[in-house]
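What's in model.txt: compact mmCIF, C-alpha atoms
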# COMPACT_ATOMS: atom_id res chain seq x y z
CA MET W 29 -22.15 -76.46 -127.06
CA SER W 30 -18.68 -76.26 -128.44
CA LYS W 31 -15.62 -77.38 -126.62
CA ARG W 32 -14.27 -73.83 -126.84
CA HIS W 33 -16.84 -72.47 -124.35
CA THR W 34 -16.43 -75.14 -121.72
CA PRO W 35 -13.39 -73.62 -119.93
CA VAL W 36 -15.05 -70.18 -119.88
CA LEU W 37 -18.22 -71.60 -118.36
CA LEU W 38 -16.27 -73.55 -115.77
CA ALA W 39 -14.32 -70.42 -114.85
CA LEU W 40 -17.56 -68.43 -114.43
CA LEU W 41 -19.00 -71.18 -112.29
CA ALA W 42 -15.95 -71.18 -110.10
CA ALA W 43 -16.09 -67.39 -109.74
CA LEU W 44 -19.79 -67.41 -108.88
CA PRO W 45 -19.41 -67.20 -105.09
CA LEU W 46 -17.02 -64.27 -105.46
CA LEU W 47 -19.42 -62.39 -107.73
CA LEU W 48 -22.51 -63.05 -105.64
CA GLN W 49 -20.97 -62.30 -102.27
CA PRO W 50 -21.21 -58.46 -102.47
CA MET W 51 -24.78 -58.74 -103.72
CA ALA W 52 -25.77 -61.05 -100.91
CA GLN W 53 -24.11 -58.79 -98.39
CA ARG W 54 -26.19 -55.86 -99.58
CA ALA W 55 -29.39 -57.93 -99.56
CA PHE W 56 -28.95 -59.32 -96.06
CA ALA W 57 -27.37 -56.25 -94.49
CA THR W 58 -28.72 -55.37 -91.04
CA ASP W 59 -29.43 -51.85 -89.87
CA PRO W 60 -26.38 -49.65 -90.00
CA VAL W 61 -25.51 -49.58 -86.27
CA PRO W 62 -22.57 -47.34 -85.43
CA ALA W 63 -20.43 -50.23 -84.26
CA ALA W 64 -17.40 -49.30 -82.27
CA SER W 65 -14.04 -50.41 -83.54
CA THR W 66 -11.66 -52.34 -81.35
CA ARG W 67 -9.66 -49.13 -81.05
CA ASP W 68 -12.65 -47.23 -79.62
CA VAL W 69 -13.13 -49.96 -77.06
CA LYS W 70 -9.50 -49.85 -76.03
CA ALA W 71 -9.55 -46.05 -75.81
CA SER W 72 -12.61 -46.06 -73.59
CA GLY W 73 -10.86 -48.26 -71.04
CA ARG W 74 -14.21 -49.85 -70.27
CA PRO W 75 -15.52 -53.33 -70.91
CA ALA W 76 -17.42 -53.73 -74.15
CA PHE W 77 -20.55 -55.73 -74.79
CA THR W 78 -20.43 -57.89 -77.89
CA GLY W 79 -23.42 -59.11 -79.79
CA ALA W 80 -25.22 -59.01 -83.11
CA GLU W 81 -24.51 -55.31 -83.47
CA GLY W 82 -20.80 -55.76 -83.01
CA LEU W 83 -18.74 -54.16 -80.29
CA LEU W 84 -20.52 -51.60 -78.15
CA VAL W 85 -18.84 -49.44 -75.60
CA GLN W 86 -21.34 -49.16 -72.82
CA GLU W 87 -21.18 -48.10 -69.21
CA ALA W 88 -21.46 -51.21 -67.07
CA PRO W 89 -24.23 -50.84 -64.47
CA SER W 90 -23.04 -50.63 -60.88
CA MET W 91 -23.17 -53.77 -58.79
CA PRO W 92 -26.74 -54.21 -57.49
CA LYS W 93 -27.17 -54.03 -53.73
CA ASP W 94 -28.07 -57.11 -51.74
CA ILE W 95 -31.58 -57.18 -50.30
CA SER W 96 -30.98 -57.59 -46.59
CA ASP W 97 -34.14 -56.44 -44.85
CA ASP W 98 -35.12 -59.83 -43.34
CA GLN W 99 -38.66 -59.46 -44.70
CA ARG W 100 -40.10 -62.73 -45.94
CA ARG W 101 -41.09 -62.58 -49.61
CA GLN W 102 -44.37 -63.91 -50.94
CA ARG W 103 -43.93 -67.13 -52.91
CA ASN W 104 -45.10 -67.11 -56.52
CA TYR W 105 -46.37 -70.68 -56.28
CA PRO W 106 -46.72 -72.99 -53.28
CA GLU W 107 -43.72 -75.15 -54.15
CA GLN W 108 -41.35 -72.24 -54.65
CA PRO W 109 -38.35 -72.48 -52.33
CA PRO W 110 -38.46 -69.32 -50.22
CA VAL W 111 -35.88 -66.73 -51.28
CA ILE W 112 -33.21 -65.52 -48.86
CA PRO W 113 -34.03 -62.02 -47.55
CA HIS W 114 -30.52 -61.29 -46.26
CA ALA W 115 -26.97 -60.96 -47.58
CA ILE W 116 -24.94 -64.15 -47.65
CA ALA W 117 -21.60 -62.75 -48.80
CA GLY W 118 -18.74 -64.73 -47.30
CA TYR W 119 -20.93 -67.62 -46.13
CA GLN W 120 -19.06 -70.87 -46.56
CA LEU W 121 -21.24 -73.59 -48.00
CA ASP W 122 -19.38 -76.70 -49.07
CA LEU W 123 -18.72 -80.27 -47.99
CA ARG W 124 -16.82 -79.11 -44.93
CA ALA W 125 -19.05 -76.40 -43.53
CA ASN W 126 -22.54 -75.01 -43.93
CA LYS W 127 -22.93 -71.50 -42.56
CA CYS W 128 -26.69 -71.40 -43.25
CA LEU W 129 -27.38 -74.28 -40.87
CA THR W 130 -25.70 -72.52 -37.94
CA CYS W 131 -28.96 -70.56 -37.72
CA HIS W 132 -31.55 -72.53 -39.73
CA ALA W 133 -30.88 -76.02 -38.33
CA ARG W 134 -33.67 -77.17 -36.03
CA GLU W 135 -31.60 -77.12 -32.85
CA PHE W 136 -30.45 -73.49 -33.30
CA THR W 137 -33.69 -71.82 -34.36
CA GLY W 138 -34.51 -71.03 -30.74
CA ASP W 139 -31.41 -68.89 -30.37
CA SER W 140 -31.36 -67.52 -33.89
CA GLN W 141 -35.14 -67.04 -34.38
CA ALA W 142 -34.52 -68.05 -38.01
CA PRO W 143 -37.07 -70.16 -39.89
CA MET W 144 -36.29 -73.87 -39.52
CA ILE W 145 -35.43 -75.81 -42.65
CA SER W 146 -38.70 -77.50 -43.57
CA VAL W 147 -39.55 -81.12 -42.78
CA THR W 148 -38.98 -82.10 -46.41
CA HIS W 149 -35.27 -81.54 -45.74
CA PHE W 150 -35.21 -84.43 -43.28
CA GLN W 151 -36.23 -87.06 -45.82
CA ASP W 152 -34.12 -89.03 -48.23
CA ARG W 153 -35.34 -89.69 -51.75
CA ASP W 154 -37.31 -92.74 -50.64
CA GLY W 155 -39.24 -90.68 -48.15
CA GLN W 156 -37.35 -92.23 -45.24
CA VAL W 157 -37.30 -89.74 -42.37
CA LEU W 158 -33.81 -88.89 -41.07
CA GLY W 159 -32.59 -87.30 -37.87
CA ALA W 160 -30.62 -84.54 -39.56
CA VAL W 161 -30.66 -82.68 -42.84
CA SER W 162 -30.60 -85.04 -45.79
CA THR W 163 -27.48 -84.99 -47.93
CA ARG W 164 -29.57 -84.14 -50.99
CA ARG W 165 -30.92 -81.04 -49.23
CA TYR W 166 -27.59 -79.91 -47.81
CA PHE W 167 -26.58 -77.41 -50.49
CA CYS W 168 -29.07 -74.65 -49.72
CA LEU W 169 -28.21 -72.45 -52.69
CA GLN W 170 -29.32 -75.10 -55.16
CA CYS W 171 -32.88 -73.93 -54.48
CA HIS W 172 -32.79 -70.88 -52.20
CA VAL W 173 -31.32 -67.71 -53.64
CA PRO W 174 -30.55 -64.27 -52.23
CA GLN W 175 -32.09 -61.20 -53.84
CA THR W 176 -30.63 -57.96 -55.16
CA ASP W 177 -32.20 -54.71 -56.28
CA ALA W 178 -31.16 -55.40 -59.91
CA GLN W 179 -33.88 -54.61 -62.43
CA PRO W 180 -34.75 -57.41 -64.87
CA ARG W 181 -33.57 -56.71 -68.43
CA VAL W 182 -36.62 -58.44 -69.84
CA VAL W 183 -40.17 -57.69 -68.73
CA ASN W 184 -41.64 -60.55 -66.72
CA THR W 185 -45.29 -61.33 -67.46
CA PHE W 186 -45.67 -64.09 -64.90
CA ARG W 187 -49.04 -64.22 -63.18
CA ASP W 188 -49.61 -66.45 -60.21
CA VAL W 189 -52.25 -69.15 -60.14
CA ASP W 190 -54.65 -67.19 -57.93
CA SER W 191 -54.88 -64.26 -60.32
CA VAL W 192 -55.36 -66.62 -63.27
CA ILE W 193 -58.21 -68.43 -61.50
CA ARG W 194 -59.81 -65.17 -60.41
CA GLU W 195 -59.79 -63.80 -63.95
CA ASN W 196 -61.39 -66.90 -65.45
CA ARG W 197 -64.09 -67.21 -62.84
CA PRO W 198 -67.33 -65.51 -63.83
CA PRO W 199 -68.10 -62.50 -61.63
CA VAL W 200 -70.36 -63.17 -58.68
CA GLY W 201 -74.05 -62.68 -59.49
CA GLU W 202 -73.70 -63.49 -63.18
CA GLY W 203 -73.90 -66.99 -64.63
CA LYS W 204 -76.77 -69.36 -63.84
CA MET F 8 33.73 -91.56 -17.73
CA MET F 9 35.07 -90.10 -14.49
CA ILE F 10 37.77 -88.30 -16.47
CA ILE F 11 35.19 -86.53 -18.61
CA ILE F 12 33.20 -85.40 -15.57
CA GLN F 13 36.39 -84.11 -13.92
CA ARG F 14 37.29 -82.22 -17.12
CA VAL F 15 33.87 -80.59 -17.26
CA LEU F 16 34.00 -79.67 -13.56
CA SER F 17 37.45 -78.08 -13.87
CA LEU F 18 36.31 -76.15 -16.96
CA ALA F 19 33.27 -74.86 -15.11
CA ARG F 20 35.45 -73.86 -12.16
CA ALA F 21 37.80 -71.95 -14.45
CA ALA F 22 34.89 -70.18 -16.11
CA TRP F 23 33.42 -69.17 -12.76
CA THR F 24 36.82 -67.83 -11.58
CA ALA F 25 37.15 -65.73 -14.73
CA PHE F 26 33.57 -64.50 -14.37
CA ASN F 27 33.93 -63.66 -10.69
CA ARG F 28 37.39 -61.97 -10.90
CA PRO F 29 37.25 -58.17 -10.49
CA ALA F 30 38.21 -56.24 -13.62
CA ALA F 31 41.95 -55.54 -13.53
CA HIS F 32 42.27 -52.96 -16.33
CA LEU F 33 38.79 -51.50 -16.99
CA GLY F 34 37.45 -48.73 -14.80
CA ILE F 35 34.15 -49.03 -12.95
CA GLY F 36 32.81 -46.04 -14.89
CA PHE F 37 33.57 -47.68 -18.21
CA LEU F 38 31.99 -50.92 -17.09
CA THR F 39 28.86 -49.21 -15.77
CA ILE F 40 28.27 -46.84 -18.67
CA GLY F 41 29.53 -49.38 -21.22
CA GLY F 42 27.25 -52.00 -19.75
CA PHE F 43 24.32 -49.60 -19.91
CA VAL F 44 25.01 -48.67 -23.55
CA ALA F 45 25.52 -52.29 -24.52
CA GLY F 46 22.24 -53.11 -22.77
CA VAL F 47 20.38 -50.41 -24.68
CA ILE F 48 21.81 -51.65 -27.97
CA TRP F 49 20.99 -55.26 -27.15
CA TRP F 50 17.45 -54.45 -26.04
CA GLY F 51 16.84 -52.28 -29.09
CA GLY F 52 18.22 -54.96 -31.35
CA PHE F 53 16.08 -57.60 -29.68
CA ASN F 54 12.90 -55.58 -30.09
CA THR F 55 13.76 -54.63 -33.66
CA ALA F 56 14.28 -58.29 -34.49
CA LEU F 57 11.02 -59.14 -32.71
CA GLU F 58 9.25 -56.44 -34.68
CA MET F 59 10.68 -57.86 -37.90
CA THR F 60 9.14 -61.25 -37.17
CA ASN F 61 5.83 -59.50 -36.51
CA LYS F 62 5.34 -58.33 -40.06
CA GLU F 63 3.19 -59.99 -42.66
CA ALA F 64 6.11 -60.00 -45.12
CA PHE F 65 7.97 -62.22 -42.65
CA CYS F 66 4.98 -64.56 -42.20
CA ILE F 67 4.46 -65.08 -45.91
CA GLY F 68 8.18 -65.41 -46.51
CA CYS F 69 7.52 -69.16 -46.35
CA HIS F 70 5.49 -70.68 -49.16
CA GLU F 71 3.49 -72.67 -46.59
CA MET F 72 1.93 -69.48 -45.25
CA LYS F 73 1.80 -67.62 -48.54
CA ASP F 74 0.00 -70.36 -50.48
CA ASN F 75 -2.40 -71.58 -47.81
CA PRO F 76 -3.62 -69.28 -45.03
CA TYR F 77 -2.64 -66.07 -46.81
CA ALA F 78 -4.36 -67.17 -50.02
CA ASP F 79 -7.46 -67.88 -47.90
CA LEU F 80 -7.32 -64.49 -46.27
CA LYS F 81 -7.23 -62.65 -49.57
CA GLN F 82 -10.73 -63.95 -50.38
CA THR F 83 -12.29 -62.59 -47.21
CA ILE F 84 -13.56 -59.26 -45.89
CA HIS F 85 -10.54 -59.01 -43.62
CA TYR F 86 -8.39 -58.44 -46.69
CA SER F 87 -10.68 -56.79 -49.22
CA ASN F 88 -13.57 -54.51 -48.31
CA ARG F 89 -15.20 -51.18 -49.10
CA SER F 90 -13.09 -49.01 -46.79
CA GLY F 91 -9.71 -50.61 -47.48
CA VAL F 92 -8.85 -51.25 -43.85
CA ARG F 93 -7.35 -54.70 -43.54
CA ALA F 94 -5.98 -57.11 -40.99
CA THR F 95 -2.49 -58.52 -41.41
CA CYS F 96 -1.43 -61.89 -40.00
CA PRO F 97 -0.03 -60.61 -36.66
CA ASP F 98 -3.10 -58.44 -36.02
CA CYS F 99 -5.05 -61.59 -35.25
CA HIS F 100 -2.39 -64.16 -34.43
CA VAL F 101 -0.02 -62.21 -32.13
CA PRO F 102 -1.18 -60.46 -28.94
CA HIS F 103 -0.17 -56.79 -28.61
CA ASN F 104 0.63 -56.99 -24.91
CA TRP F 105 4.38 -57.65 -24.41
CA THR F 106 4.29 -60.67 -22.08
CA ASP F 107 1.50 -62.32 -24.09
CA LYS F 108 3.43 -61.57 -27.25
CA ILE F 109 6.59 -63.26 -25.92
CA ALA F 110 4.52 -66.25 -24.80
CA ARG F 111 2.98 -66.49 -28.27
CA LYS F 112 6.40 -66.14 -29.90
CA MET F 113 7.67 -69.03 -27.82
CA GLN F 114 4.71 -71.14 -28.96
CA ALA F 115 5.49 -70.11 -32.50
CA SER F 116 8.86 -71.84 -32.30
CA LYS F 117 6.78 -74.94 -33.05
CA GLU F 118 6.08 -73.35 -36.43
CA VAL F 119 9.82 -73.11 -37.10
CA TRP F 120 10.03 -76.83 -36.30
CA GLY F 121 7.18 -77.44 -38.74
CA LYS F 122 8.96 -75.42 -41.40
CA ILE F 123 12.22 -77.36 -40.98
CA PHE F 124 10.55 -80.77 -41.05
CA GLY F 125 7.99 -79.84 -43.71
CA THR F 126 4.85 -80.76 -41.77
CA ILE F 127 2.61 -78.64 -44.02
CA ASP F 128 4.81 -78.09 -47.06
CA THR F 129 2.20 -79.26 -49.58
CA PRO F 130 -1.43 -78.17 -49.97
CA GLU F 131 -2.49 -81.74 -49.17
CA LYS F 132 -0.57 -81.81 -45.91
CA PHE F 133 -1.99 -78.41 -44.99
CA GLU F 134 -5.55 -79.59 -45.70
CA ALA F 135 -4.95 -82.68 -43.58
CA LYS F 136 -3.89 -80.52 -40.62
CA ARG F 137 -6.39 -77.71 -41.20
CA ARG F 138 -8.88 -78.85 -38.56
CA GLU F 139 -6.16 -79.26 -35.92
CA LEU F 140 -4.49 -75.92 -36.67
CA ALA F 141 -7.81 -74.06 -36.76
CA GLY F 142 -8.72 -75.75 -33.48
CA HIS F 143 -5.61 -74.28 -31.83
CA GLU F 144 -6.60 -70.76 -32.85
CA TRP F 145 -10.24 -71.21 -31.80
CA ALA F 146 -9.10 -72.47 -28.40
CA ARG F 147 -6.67 -69.56 -27.99
CA LEU F 148 -9.28 -66.93 -28.91
CA LYS F 149 -11.88 -68.60 -26.72
CA ALA F 150 -9.47 -68.62 -23.77
CA ASN F 151 -8.50 -64.93 -24.11
CA ASN F 152 -12.10 -63.79 -24.78
CA SER F 153 -11.35 -63.02 -28.44
CA LEU F 154 -8.68 -60.50 -27.47
CA GLU F 155 -7.27 -60.08 -30.97
CA CYS F 156 -10.74 -59.47 -32.44
CA ARG F 157 -11.32 -56.80 -29.82
CA ASN F 158 -8.10 -54.96 -30.68
CA CYS F 159 -10.14 -53.57 -33.56
CA HIS F 160 -13.78 -54.51 -32.84
CA SER F 161 -14.68 -52.98 -29.50
CA ALA F 162 -18.07 -53.79 -28.03
CA ASP F 163 -18.23 -50.22 -26.67
CA SER F 164 -17.77 -48.69 -30.10
CA MET F 165 -20.17 -51.10 -31.73
CA ASP F 166 -23.26 -49.13 -32.78
CA ILE F 167 -25.86 -51.87 -33.02
CA THR F 168 -28.39 -49.47 -34.53
CA ARG F 169 -26.16 -49.46 -37.61
CA GLN F 170 -26.15 -53.24 -37.76
CA GLY F 171 -28.61 -55.54 -39.44
CA ALA F 172 -31.52 -56.60 -37.26
CA ARG F 173 -30.28 -60.15 -36.88
CA GLY F 174 -26.72 -59.13 -36.01
CA ALA F 175 -27.84 -56.48 -33.54
CA ASP F 176 -30.15 -58.95 -31.84
CA ALA F 177 -27.48 -61.64 -31.58
CA HIS F 178 -24.90 -59.19 -30.20
CA GLN F 179 -27.33 -57.92 -27.58
CA ARG F 180 -28.36 -61.36 -26.44
CA PHE F 181 -25.04 -63.19 -26.55
CA LEU F 182 -22.07 -60.82 -26.77
CA PHE F 183 -23.12 -58.02 -24.40
CA THR F 184 -24.37 -60.46 -21.80
CA GLY F 185 -21.05 -62.30 -21.90
CA GLN F 186 -22.73 -65.57 -22.87
CA ALA F 187 -20.55 -65.89 -25.93
CA THR F 188 -17.36 -64.39 -27.28
CA CYS F 189 -16.65 -63.35 -30.88
CA ILE F 190 -15.05 -66.62 -31.97
CA ASP F 191 -18.02 -68.71 -30.81
CA CYS F 192 -20.06 -67.51 -33.81
CA HIS F 193 -17.53 -65.86 -36.10
CA LYS F 194 -15.40 -68.76 -37.24
CA GLY F 195 -13.96 -68.82 -40.73
CA ILE F 196 -14.08 -65.04 -41.17
CA ALA F 197 -10.47 -64.81 -42.38
CA HIS F 198 -9.71 -68.34 -43.61
CA ARG F 199 -11.60 -71.21 -45.20
CA LEU F 200 -13.16 -73.51 -42.64
CA PRO F 201 -11.99 -77.10 -42.16
CA ASP F 202 -14.42 -80.01 -41.96
CA MET F 203 -16.70 -78.74 -39.16
CA THR F 204 -18.00 -82.14 -38.08
CA GLY F 205 -18.29 -82.10 -34.30
CA VAL F 206 -17.73 -78.36 -33.88
CA PRO F 207 -20.51 -76.72 -31.81
CA ILE F 208 -23.31 -75.00 -33.80
CA TRP F 209 -22.05 -76.47 -37.07
CA THR F 210 -24.40 -79.07 -38.52
CA MET F 211 -23.27 -81.63 -41.04
CA PRO F 212 -25.61 -83.73 -43.17
CA ASP F 213 -26.79 -86.92 -41.60
CA ARG F 214 -23.86 -89.31 -41.63
CA ALA F 215 -25.89 -92.22 -40.31
CA ALA F 216 -26.64 -93.42 -43.83
CA ALA F 217 -22.94 -93.49 -44.67
CA SER F 218 -22.25 -96.10 -42.01
CA LEU F 219 -24.81 -98.48 -43.48
CA PRO F 220 -23.46 -101.26 -45.69
CA ASP F 221 -22.90 -100.10 -49.23
CA LEU F 222 -25.84 -101.48 -51.19
CA HIS F 223 -24.12 -101.06 -54.52
CA SER F 224 -20.90 -102.91 -53.82
CA GLY F 225 -22.69 -106.22 -53.28
CA GLN F 226 -20.69 -107.03 -50.12
CA ARG F 227 -23.48 -106.83 -47.63
I need this file expressed as structure tokens, please.
Amino acid sequence: MSKRHTPVLLALLAALPLLLQPMAQRAFATDPVPAASTRDVKASGRPAFTGAEGLLVQEAPSMPKDISDDQRRQRNYPEQPPVIPHAIAGYQLDLRANKCLTCHAREFTGDSQAPMISVTHFQDRDGQVLGAVSTRRYFCLQCHVPQTDAQPRVVNTFRDVDSVIRENRPPVGEGK
Amino acid sequence: MMIIIQRVLSLARAAWTAFNRPAAHLGIGFLTIGGFVAGVIWWGGFNTALEMTNKEAFCIGCHEMKDNPYADLKQTIHYSNRSGVRATCPDCHVPHNWTDKIARKMQASKEVWGKIFGTIDTPEKFEAKRRELAGHEWARLKANNSLECRNCHSADSMDITRQGARGADAHQRFLFTGQATCIDCHKGIAHRLPDMTGVPIWTMPDRAAASLPDLHSGQR
């Protein structure tokens, strides 16, 4: 190779990313989604979702309603912390005050008819039984959550242990 | 010493003589009607001034109120809700009845003292006094059977069939029977609660463990 060609080759090599970039863009292009421009979003006056498809002007769903019917919900597995079947908006729950316990503490369940916090809440981490709610069980919302009528965005295929066992058990009368 | 007392006595005597002397130049008609008009103006002015101090803008004119209790209120249903009806400071903290209002206003002179001497002029100072200040309001509402709550929330107009089952049940058993008044259960509905240790029906986590020697410090 002559010395004359070396600069040309080096220049080509340097320009390689620039030349390949449009080709790569075409090769890896995703489906042509009509992505909204920033101007469309601003004109709509509504919040925009961002994601792989770019900006999308989309009507935000209305705030889901709290479930507040006081009906106990079935647990999906025995250890599941029961969910809260009532609205808790405005309940103060911090180091200074715990609104939940004004009904669910043992001594007030007679007046409130609310379920008592379970016995596990009266034990510290060494299993030592305490007279009052353990500090590690004090923040109710770490485990117990209120419900809304929001529909899940992803289909849930969870099956509880009973239905799994039932399906795998041979029907009565067969076998043997 | 005696001289000063004598001076004061003679001054008082002179004042009384001037006060007691019949008017020499003004007619009785002028004095009567003039006195009446002056009285009307004074009374109107007094009530206008009183009304001025009974507005939220006046209350939050001080940063102590604007940054602490008012900031609390804005987070609660008594400020922001679906129908847009809201309570202002005097709705809950000043009785509507005139004599009670004047009594409350006289108590409130303590707040002017607090303003001048800066007893709650930082968030930290306010937090330190929060339990005490909240306690005053709880005691006042307990003593007057939650009068300021009932200015808006009347038990007669309360349709318990429109309430949640738990609320309706509690109101029937405790409110309507007179066993409890609003403030007994509804604390912290317009402001953040202080540390509720020792307040009836409020349970705090077991503090017994905290009084044990600290196992980690090595100073058993």
Please find the residues of chain F near chain W - the criterion being any atom within 9 Å, counting all atoms listed in the file - and write them as a PDB file with C-alpha atoms, in the coordinates of the input.
ATOM      1  CA  GLN F  82     -10.730 -63.950 -50.380  1.00  0.00           C
ATOM      2  CA  THR F  83     -12.290 -62.590 -47.210  1.00  0.00           C
ATOM      3  CA  ILE F  84     -13.560 -59.260 -45.890  1.00  0.00           C
ATOM      4  CA  GLY F 171     -28.610 -55.540 -39.440  1.00  0.00           C
ATOM      5  CA  ALA F 172     -31.520 -56.600 -37.260  1.00  0.00           C
ATOM      6  CA  ARG F 173     -30.280 -60.150 -36.880  1.00  0.00           C
ATOM      7  CA  ASP F 176     -30.150 -58.950 -31.840  1.00  0.00           C
ATOM      8  CA  ALA F 177     -27.480 -61.640 -31.580  1.00  0.00           C
ATOM      9  CA  CYS F 192     -20.060 -67.510 -33.810  1.00  0.00           C
ATOM     10  CA  GLY F 195     -13.960 -68.820 -40.730  1.00  0.00           C
ATOM     11  CA  ILE F 196     -14.080 -65.040 -41.170  1.00  0.00           C
ATOM     12  CA  ARG F 199     -11.600 -71.210 -45.200  1.00  0.00           C
ATOM     13  CA  LEU F 200     -13.160 -73.510 -42.640  1.00  0.00           C
ATOM     14  CA  PRO F 201     -11.990 -77.100 -42.160  1.00  0.00           C
ATOM     15  CA  ASP F 202     -14.420 -80.010 -41.960  1.00  0.00           C
ATOM     16  CA  MET F 203     -16.700 -78.740 -39.160  1.00  0.00           C
ATOM     17  CA  THR F 204     -18.000 -82.140 -38.080  1.00  0.00           C
ATOM     18  CA  ILE F 208     -23.310 -75.000 -33.800  1.00  0.00           C
ATOM     19  CA  TRP F 209     -22.050 -76.470 -37.070  1.00  0.00           C
ATOM     20  CA  THR F 210     -24.400 -79.070 -38.520  1.00  0.00           C
ATOM     21  CA  MET F 211     -23.270 -81.630 -41.040  1.00  0.00           C
ATOM     22  CA  PRO F 212     -25.610 -83.730 -43.170  1.00  0.00           C
ATOM     23  CA  ASP F 213     -26.790 -86.920 -41.600  1.00  0.00           C
ATOM     24  CA  ARG F 214     -23.860 -89.310 -41.630  1.00  0.00           C
ATOM     25  CA  ALA F 215     -25.890 -92.220 -40.310  1.00  0.00           C
ATOM     26  CA  ALA F 216     -26.640 -93.420 -43.830  1.00  0.00           C
TER      27      ALA F 216
END
Using only C-alpha atoms, which protein or nucleic acid residues come within 12 Å of region 166-170 of chain F? Drop anything in the same chain fewer than 4 positions from it, and give the result as a list in words. Ser96 and Asp97 of chain W; His160, Ser161, Ala162, Gly174, Ala175, Asp176, Ala177, His178, Gln179, Arg180, Leu182 and Phe183 of chain F
State, in Å with one decimal place, the distance from CA of Leu44 (chain W) to CA of Lys31 (chain W). 20.8 Å
Nearest to Leu169 (chain W), restricted to all atoms listed in the file and choosing among W:Leu41, W:Val182, W:Val111, W:Val192, comes out as W:Val111
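One distance worth recording is that between CA of Pro92 (chain W) and CA of Thr176 (chain W), which is 5.9 Å.
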Residues within 12 Å of Ala115 (chain F), all atoms listed in the file, excluding chain neighbours under 4 positions, as number ranges by chain: F: 60-61, 66, 97, 100-101, 108-111, 119-122, 143
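Between Ile145 (chain W) and the residues W:Pro198, W:Pro109, W:Val157, W:Ala178, the shortest atom-to-atom distance, using all atoms listed in the file, involves W:Pro109.
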Have a look at W:Cys171, W:Arg67, W:Tyr105, W:Ile112 and name the one nearest to Ser191 (chain W); count all atoms listed in the file. W:Tyr105
Give me, as a ChimeraX atom specification, all polymer residues having an atom no more than 8 Å from region 68-74 of chain F, counting all atoms listed in the file and skipping those fewer than 5 positions away in the same chain. /F:127-130
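In this model, the gap between CA of Lys62 (chain F) and CA of Ile48 (chain F) comes to 21.5 Å.
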